[in-house]
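J.: Below you'll find the structure I mean.
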Amino acid sequence: MPELPEVEAARRAIEENCLGKKIKRAIIANDSKVIEGVSSLDFESALLGKTIVSAHRKGKNLWLHLDSPPFPSFQFGMAGAIYIKGVAVTKYKRSAVKDNDEWPSKYSKFFVELDDGLELSFTDKRRFARVRLLKDPTSVPPISELGPDALFEPMTINEFTDSLSKKKIGIKALLLDQSYISGIGNWIADEVLYQARIHPLQICSSLSKENCATLHNCIKEVIEKAVEVGADSSQFPSNWIFHSREKKPGKAFVDDIRICTGLAEIEWNSSYKSSR
């Protein structure tokens, strides 16, 4: 599932390759489950002749600012992805379109050709994504309901510590709540908690100030590193639990610590048990 680093990689790819260019052709899928609140023909008409001015992201949502509204907005869901022909958007999943690949993909929901010939597509194999055409994407759900962006709007240590002291739920559940912090999904939550040596089920209010400060720093470091390498998981540090996510239970080790994959819990050796 795309999380903040993957969506930020897509935003940067658009920013680097598409700004200042005019949309000369648009194909919007006739899929009312993904294309929300507007017909494909009306969506296409609203895009033609518009210039892409900027690309924005909050949490796991991305939107394009055109030279006039309305603006296309993308909620990536479980399998949404941005592809730009000739450009490797992110190496987290294969994203470079080869000459012999079907293009646009049969899973394309949003396709535009720009005035210099560059082509961009948003695809979704599983149809959990949402593509909208909005006058102001930030003023309506889901973006209006998001908490501060984990990369662009981080809480201070004091704000983070104070907020956790008032929460009576498990820390992983809170980190996944997009109204609390936006952009963190399962793999980032697992990673930052592992790096901070905090059990995913530990109640937030039971965390010490030291726990909170360590977790605050781990969120920053994990997200910044993932963004720095363009969400290319092959460049993630070798001591990240990410590399063991797909391994079978009992077969995954990080720094000689056996971990339970596919579960909310991590098995710690005695030197890494979190305070509870």
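Residues are referred to by chain and number: the chain letter is A, B, ... according to the order shown in the structure tokens, the number counts from 1 in that chain, and ligands are numbered separately from 1 in the order shown.
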As a list in words, please: the residues near A:Gly117 (cut-off 12 Å, only C-alpha atoms, same-chain neighbours under 4 positions excluded).
T.: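 Here the answer would be Asn17, Cys18, Lys21, Lys22, Ile23, Lys24, Arg25, Ile84, Lys85, Gly86, Val112 and Glu113 of chain A.
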J.: As a ChimeraX atom specification, please: the residues near A:Ala26 (cut-off 12 Å, only C-alpha atoms, same-chain neighbours under 4 positions excluded).
T.: /A:22,40-50,72,104,108-115,119-122
J.: Please determine, counting only C-alpha atoms, which residue among A:Ser205, A:Ser32, A:Ser54, A:Ser165 has the shortest atom-to-atom distance to A:Arg127.
T.: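 Comparing A:Ser205, A:Ser32, A:Ser54, A:Ser165 against A:Arg127, the winner is A:Ser32.
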J.: Counting only C-alpha atoms, which residue out of A:Met1, A:Glu6, A:His243, A:Asn61 sits closest to A:Glu224?
T.: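 Ranking A:Met1, A:Glu6, A:His243, A:Asn61 by distance to A:Glu224, first place goes to A:Glu6.
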J.: Do you know which residues are at most 9 Å from A:Ala81 counting only C-alpha atoms, after dropping those on the same chain fewer than 3 positions away, and could you put them as a PyMOL selection string?
T.: chain A and resi 2+6-7+10+76+93+95+121-124
J.: Would you write out those residues with all heavy atoms, as an mmCIF file, in the first residue's frame?
T.:
data_model
loop_
_atom_site.group_PDB
_atom_site.id
_atom_site.type_symbol
_atom_site.label_atom_id
_atom_site.label_comp_id
_atom_site.auth_asym_id
_atom_site.auth_seq_id
_atom_site.Cartn_x
_atom_site.Cartn_y
_atom_site.Cartn_z
ATOM 1 N N PRO A 2 0.632 2.189 -0.900
ATOM 2 C CA PRO A 2 1.434 3.418 -0.918
ATOM 3 C C PRO A 2 1.272 4.215 0.371
ATOM 4 O O PRO A 2 0.161 4.400 0.851
ATOM 5 C CB PRO A 2 0.867 4.190 -2.120
ATOM 6 C CG PRO A 2 0.123 3.183 -2.930
ATOM 7 C CD PRO A 2 -0.383 2.168 -1.962
ATOM 8 N N GLU A 6 6.046 6.930 -0.890
ATOM 9 C CA GLU A 6 5.700 6.586 -2.264
ATOM 10 C C GLU A 6 4.914 7.712 -2.944
ATOM 11 O O GLU A 6 5.144 8.036 -4.115
ATOM 12 C CB GLU A 6 4.875 5.287 -2.292
ATOM 13 C CG GLU A 6 5.633 4.048 -1.846
ATOM 14 C CD GLU A 6 5.764 3.915 -0.346
ATOM 15 O OE1 GLU A 6 4.775 4.177 0.377
ATOM 16 O OE2 GLU A 6 6.859 3.545 0.123
ATOM 17 N N VAL A 7 3.980 8.309 -2.201
ATOM 18 C CA VAL A 7 3.185 9.397 -2.771
ATOM 19 C C VAL A 7 4.051 10.646 -2.955
ATOM 20 O O VAL A 7 3.913 11.368 -3.949
ATOM 21 C CB VAL A 7 1.956 9.693 -1.895
ATOM 22 C CG1 VAL A 7 1.105 10.792 -2.517
ATOM 23 C CG2 VAL A 7 1.105 8.433 -1.716
ATOM 24 N N ALA A 10 5.974 10.311 -6.097
ATOM 25 C CA ALA A 10 5.129 10.626 -7.251
ATOM 26 C C ALA A 10 4.975 12.139 -7.405
ATOM 27 O O ALA A 10 5.062 12.678 -8.513
ATOM 28 C CB ALA A 10 3.757 9.967 -7.088
ATOM 29 N N PHE A 76 -4.755 7.403 -2.946
ATOM 30 C CA PHE A 76 -4.089 6.249 -3.539
ATOM 31 C C PHE A 76 -4.659 4.902 -3.129
ATOM 32 O O PHE A 76 -4.479 3.916 -3.845
ATOM 33 C CB PHE A 76 -2.590 6.307 -3.228
ATOM 34 C CG PHE A 76 -1.818 7.232 -4.126
ATOM 35 C CD1 PHE A 76 -2.160 8.572 -4.252
ATOM 36 C CD2 PHE A 76 -0.741 6.769 -4.861
ATOM 37 C CE1 PHE A 76 -1.455 9.435 -5.072
ATOM 38 C CE2 PHE A 76 -0.021 7.617 -5.692
ATOM 39 C CZ PHE A 76 -0.378 8.956 -5.802
ATOM 40 N N LYS A 93 7.761 0.010 -6.128
ATOM 41 C CA LYS A 93 7.143 -0.928 -7.062
ATOM 42 C C LYS A 93 7.637 -0.532 -8.455
ATOM 43 O O LYS A 93 8.040 0.598 -8.687
ATOM 44 C CB LYS A 93 5.614 -0.848 -7.022
ATOM 45 C CG LYS A 93 5.002 -1.206 -5.669
ATOM 46 C CD LYS A 93 5.175 -2.671 -5.368
ATOM 47 C CE LYS A 93 4.471 -3.049 -4.055
ATOM 48 N NZ LYS A 93 4.693 -4.457 -3.700
ATOM 49 N N SER A 95 7.984 1.066 -11.702
ATOM 50 C CA SER A 95 7.247 2.250 -12.138
ATOM 51 C C SER A 95 7.775 2.843 -13.439
ATOM 52 O O SER A 95 7.223 3.810 -13.924
ATOM 53 C CB SER A 95 7.284 3.324 -11.047
ATOM 54 O OG SER A 95 8.611 3.720 -10.784
ATOM 55 N N SER A 121 -0.087 8.764 -16.140
ATOM 56 C CA SER A 121 -1.253 7.933 -15.854
ATOM 57 C C SER A 121 -1.318 7.611 -14.364
ATOM 58 O O SER A 121 -0.288 7.380 -13.724
ATOM 59 C CB SER A 121 -1.178 6.624 -16.653
ATOM 60 O OG SER A 121 -2.221 5.742 -16.290
ATOM 61 N N PHE A 122 -2.523 7.611 -13.824
ATOM 62 C CA PHE A 122 -2.769 7.107 -12.474
ATOM 63 C C PHE A 122 -3.506 5.793 -12.635
ATOM 64 O O PHE A 122 -4.570 5.735 -13.254
ATOM 65 C CB PHE A 122 -3.617 8.086 -11.664
ATOM 66 C CG PHE A 122 -3.952 7.586 -10.274
ATOM 67 C CD1 PHE A 122 -3.051 7.748 -9.236
ATOM 68 C CD2 PHE A 122 -5.165 6.949 -10.029
ATOM 69 C CE1 PHE A 122 -3.351 7.272 -7.954
ATOM 70 C CE2 PHE A 122 -5.477 6.476 -8.757
ATOM 71 C CZ PHE A 122 -4.569 6.633 -7.717
ATOM 72 N N THR A 123 -2.934 4.711 -12.088
ATOM 73 C CA THR A 123 -3.539 3.391 -12.215
ATOM 74 C C THR A 123 -3.985 2.870 -10.862
ATOM 75 O O THR A 123 -3.484 3.290 -9.813
ATOM 76 C CB THR A 123 -2.555 2.375 -12.828
ATOM 77 O OG1 THR A 123 -1.499 2.121 -11.887
ATOM 78 C CG2 THR A 123 -1.963 2.908 -14.126
ATOM 79 N N ASP A 124 -4.911 1.926 -10.900
ATOM 80 C CA ASP A 124 -5.365 1.282 -9.662
ATOM 81 C C ASP A 124 -5.921 -0.095 -9.997
ATOM 82 O O ASP A 124 -7.038 -0.223 -10.496
ATOM 83 C CB ASP A 124 -6.423 2.129 -8.960
ATOM 84 C CG ASP A 124 -6.931 1.466 -7.695
ATOM 85 O OD1 ASP A 124 -6.155 0.692 -7.095
ATOM 86 O OD2 ASP A 124 -8.083 1.703 -7.305
#
J.: Point out the residue among A:Asp149, A:Glu246, A:Glu228, A:Asp67 with the least atom-to-atom distance to A:Gly20, counting only C-alpha atoms.
T.: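 Counting only C-alpha atoms, the residue closest to A:Gly20 is A:Asp67.
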J.: Leaving out A:Lys135 and any residue of its chain fewer than 5 positions from it, which residues lie within 12 Å of it when counting only C-alpha atoms, given as a PyMOL selection string?
T.: chain A and resi 46+63-73+140
J.: Give me a file of those residues, with all heavy atoms, as a CSV table (one decimal), in the first residue's frame.
T.:
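Output contents, as saved in part-v4.csv:
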chain,number,residue,atom,x,y,z
A,46,ALA,N,-12.9,19.2,-18.4
A,46,ALA,CA,-12.3,20.2,-17.4
A,46,ALA,C,-10.8,20.2,-17.4
A,46,ALA,O,-10.2,21.2,-17.0
A,46,ALA,CB,-12.8,19.8,-16.0
A,63,TRP,N,-2.7,16.1,-5.2
A,63,TRP,CA,-3.5,16.8,-6.1
A,63,TRP,C,-2.7,17.7,-7.0
A,63,TRP,O,-1.6,18.1,-6.6
A,63,TRP,CB,-4.6,17.6,-5.4
A,63,TRP,CG,-4.2,18.7,-4.5
A,63,TRP,CD1,-4.2,20.0,-4.8
A,63,TRP,CD2,-3.8,18.6,-3.1
A,63,TRP,NE1,-3.8,20.8,-3.8
A,63,TRP,CE2,-3.5,20.0,-2.7
A,63,TRP,CE3,-3.6,17.6,-2.3
A,63,TRP,CZ2,-3.1,20.2,-1.4
A,63,TRP,CZ3,-3.1,17.9,-1.0
A,63,TRP,CH2,-2.9,19.2,-0.6
A,64,LEU,N,-3.2,18.0,-8.2
A,64,LEU,CA,-2.6,18.8,-9.1
A,64,LEU,C,-3.2,20.2,-9.2
A,64,LEU,O,-4.4,20.3,-9.3
A,64,LEU,CB,-2.6,18.2,-10.5
A,64,LEU,CG,-2.0,16.8,-10.7
A,64,LEU,CD1,-2.1,16.4,-12.2
A,64,LEU,CD2,-0.6,16.7,-10.2
A,65,HIS,N,-2.4,21.2,-9.0
A,65,HIS,CA,-2.9,22.6,-9.1
A,65,HIS,C,-2.8,23.0,-10.6
A,65,HIS,O,-1.7,23.1,-11.1
A,65,HIS,CB,-2.2,23.5,-8.2
A,65,HIS,CG,-2.8,24.9,-8.1
A,65,HIS,ND1,-3.8,25.2,-7.2
A,65,HIS,CD2,-2.5,26.0,-8.8
A,65,HIS,CE1,-4.1,26.5,-7.4
A,65,HIS,NE2,-3.4,27.0,-8.3
A,66,LEU,N,-3.9,23.3,-11.2
A,66,LEU,CA,-3.9,23.7,-12.6
A,66,LEU,C,-4.0,25.2,-12.7
A,66,LEU,O,-4.2,25.9,-11.7
A,66,LEU,CB,-5.0,23.1,-13.4
A,66,LEU,CG,-5.1,21.5,-13.3
A,66,LEU,CD1,-6.3,21.0,-14.0
A,66,LEU,CD2,-3.9,20.9,-13.7
A,67,ASP,N,-3.9,25.8,-13.9
A,67,ASP,CA,-4.0,27.3,-14.0
A,67,ASP,C,-5.4,27.9,-13.7
A,67,ASP,O,-5.5,29.1,-13.5
A,67,ASP,CB,-3.5,27.8,-15.3
A,67,ASP,CG,-4.2,27.1,-16.5
A,67,ASP,OD1,-5.0,26.3,-16.3
A,67,ASP,OD2,-3.8,27.5,-17.7
A,68,SER,N,-6.4,27.0,-13.5
A,68,SER,CA,-7.7,27.4,-13.1
A,68,SER,C,-8.4,26.1,-12.5
A,68,SER,O,-8.1,25.0,-13.0
A,68,SER,CB,-8.5,28.1,-14.2
A,68,SER,OG,-8.8,27.1,-15.2
A,69,PRO,N,-9.3,26.3,-11.6
A,69,PRO,CA,-10.0,25.1,-11.0
A,69,PRO,C,-11.1,24.6,-12.1
A,69,PRO,O,-11.4,25.4,-13.0
A,69,PRO,CB,-10.7,25.7,-9.8
A,69,PRO,CG,-10.8,27.2,-10.0
A,69,PRO,CD,-9.7,27.6,-10.9
A,70,PRO,N,-11.5,23.4,-11.8
A,70,PRO,CA,-11.3,22.5,-10.7
A,70,PRO,C,-10.0,21.7,-10.9
A,70,PRO,O,-9.4,21.7,-12.0
A,70,PRO,CB,-12.5,21.5,-10.8
A,70,PRO,CG,-12.9,21.5,-12.2
A,70,PRO,CD,-12.6,22.9,-12.8
A,71,PHE,N,-9.6,21.0,-9.8
A,71,PHE,CA,-8.3,20.3,-9.8
A,71,PHE,C,-8.4,18.8,-9.6
A,71,PHE,O,-9.2,18.4,-8.7
A,71,PHE,CB,-7.4,20.9,-8.7
A,71,PHE,CG,-7.3,22.4,-8.7
A,71,PHE,CD1,-7.5,23.2,-7.6
A,71,PHE,CD2,-6.9,23.1,-9.9
A,71,PHE,CE1,-7.4,24.6,-7.6
A,71,PHE,CE2,-6.8,24.5,-9.9
A,71,PHE,CZ,-7.1,25.2,-8.8
A,72,PRO,N,-7.7,18.0,-10.3
A,72,PRO,CA,-7.7,16.5,-10.0
A,72,PRO,C,-7.0,16.2,-8.7
A,72,PRO,O,-5.9,16.7,-8.4
A,72,PRO,CB,-7.0,15.9,-11.2
A,72,PRO,CG,-6.1,17.0,-11.7
A,72,PRO,CD,-6.8,18.3,-11.4
A,73,SER,N,-7.7,15.3,-7.9
A,73,SER,CA,-7.1,14.9,-6.6
A,73,SER,C,-7.1,13.4,-6.6
A,73,SER,O,-8.0,12.7,-7.1
A,73,SER,CB,-8.0,15.4,-5.5
A,73,SER,OG,-7.6,14.9,-4.3
A,140,VAL,N,-12.3,19.9,1.5
A,140,VAL,CA,-13.3,18.8,1.6
A,140,VAL,C,-12.6,17.5,2.0
A,140,VAL,O,-11.4,17.4,1.8
A,140,VAL,CB,-14.1,18.7,0.3
A,140,VAL,CG1,-15.0,19.9,0.0
A,140,VAL,CG2,-13.2,18.4,-0.9
J.: For A:Lys172, work out the shell of residues within 12 Å, counting only C-alpha atoms and skipping chain neighbours fewer than 2 positions away, then give it as a PyMOL selection string.
T.: chain A and resi 164+167-170+174-178+180-181+184-194+198-204+215+263-266
J.: Those residues you just picked out, can you put them in a file as a PDB file, in the first residue's frame with C-alpha atoms?
T.:
ATOM      1  CA  LEU A 164       0.293  10.852  23.654  1.00  0.00           C
ATOM      2  CA  LYS A 167      -4.478   8.817  24.520  1.00  0.00           C
ATOM      3  CA  LYS A 168      -5.766   5.545  25.962  1.00  0.00           C
ATOM      4  CA  ILE A 169      -5.304   3.405  22.835  1.00  0.00           C
ATOM      5  CA  GLY A 170      -2.449   1.322  21.468  1.00  0.00           C
ATOM      6  CA  LEU A 174      -2.923   5.888  16.914  1.00  0.00           C
ATOM      7  CA  LEU A 175      -0.110   6.224  14.379  1.00  0.00           C
ATOM      8  CA  LEU A 176      -2.401   4.719  11.717  1.00  0.00           C
ATOM      9  CA  ASP A 177      -5.138   7.251  12.482  1.00  0.00           C
ATOM     10  CA  GLN A 178      -4.846   9.748   9.621  1.00  0.00           C
ATOM     11  CA  TYR A 180      -3.871  12.316  14.176  1.00  0.00           C
ATOM     12  CA  ILE A 181      -0.837  12.258  11.839  1.00  0.00           C
ATOM     13  CA  ILE A 184       1.829   6.832   8.174  1.00  0.00           C
ATOM     14  CA  GLY A 185       0.598   3.389   7.163  1.00  0.00           C
ATOM     15  CA  ASN A 186       1.427  -0.136   8.247  1.00  0.00           C
ATOM     16  CA  TRP A 187       5.020  -0.411   7.129  1.00  0.00           C
ATOM     17  CA  ILE A 188       6.083   2.970   8.514  1.00  0.00           C
ATOM     18  CA  ALA A 189       4.258   2.368  11.814  1.00  0.00           C
ATOM     19  CA  ASP A 190       5.932  -1.025  12.203  1.00  0.00           C
ATOM     20  CA  GLU A 191       9.322   0.435  11.321  1.00  0.00           C
ATOM     21  CA  VAL A 192       9.281   3.417  13.657  1.00  0.00           C
ATOM     22  CA  LEU A 193       8.001   1.319  16.557  1.00  0.00           C
ATOM     23  CA  TYR A 194      10.652  -1.322  15.944  1.00  0.00           C
ATOM     24  CA  ILE A 198       8.150   0.159  21.573  1.00  0.00           C
ATOM     25  CA  HIS A 199       5.532  -2.598  21.457  1.00  0.00           C
ATOM     26  CA  PRO A 200       2.762  -1.815  18.929  1.00  0.00           C
ATOM     27  CA  LEU A 201       0.045  -2.554  21.485  1.00  0.00           C
ATOM     28  CA  GLN A 202       1.474  -0.406  24.269  1.00  0.00           C
ATOM     29  CA  ILE A 203      -1.042   2.179  25.475  1.00  0.00           C
ATOM     30  CA  CYS A 204       0.034   5.666  24.461  1.00  0.00           C
ATOM     31  CA  LEU A 215       9.577   7.625  18.814  1.00  0.00           C
ATOM     32  CA  LEU A 263       1.244  -9.761  13.072  1.00  0.00           C
ATOM     33  CA  ALA A 264       0.840  -6.617  15.105  1.00  0.00           C
ATOM     34  CA  GLU A 265       3.392  -7.930  17.604  1.00  0.00           C
ATOM     35  CA  ILE A 266       7.165  -8.085  17.498  1.00  0.00           C
TER      36      ILE A 266
END
J.: Rounded to one decimal, what separation in Å do you get between atom CA of A:Ala13 and atom CA of A:Gln235?
T.: 18.3 Å
J.: Might you pull out every residue within 9 Å of A:Gln195, with only C-alpha atoms counted and same-chain residues fewer than 5 positions away left off, and present them as a VMD selection string?
T.: chain A and resid 190 214 to 215 218 222 239 to 241
J.: Could you pull out the strand (DSSP E or B) residues of stretch 73-273 of chain A, going by DSSP on the backbone, and write them as an NGL selection string?
T.: :A and (73-75 or 80-84 or 87 or 108-114 or 119-124 or 130-134 or 149 or 170 or 182 or 203 or 252-254 or 257-259)
J.: For the structure I just gave you, how does DSSP split stretch 18-192 of chain A - specifically, which residues are alpha helix (DSSP H)? Reply as a PyMOL selection string.
T.: chain A and resi 40-47+157-164+171-176+186-192
J.: For a test of reading the model, state the distance in Å between atom CA of A:Ile35 and atom CA of A:Ala231, rounded to one decimal.
T.: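 One can read the atom CA of A:Ile35 to atom CA of A:Ala231 distance as 26.5 Å.
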J.: Work out how far apart atom CA of A:Val227 and atom CA of A:Pro5 are and give it in Å to one decimal.
T.: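 So the answer is 5.0 Å.
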J.: Env of stretch 154-158 of chain A: 8 Å cut, atoms = only C-alpha atoms, seq-sep filter 3 positions within chain, self excluded. Answer as a PyMOL selection string.
T.: chain A and resi 148-151+161-162+212-213+216
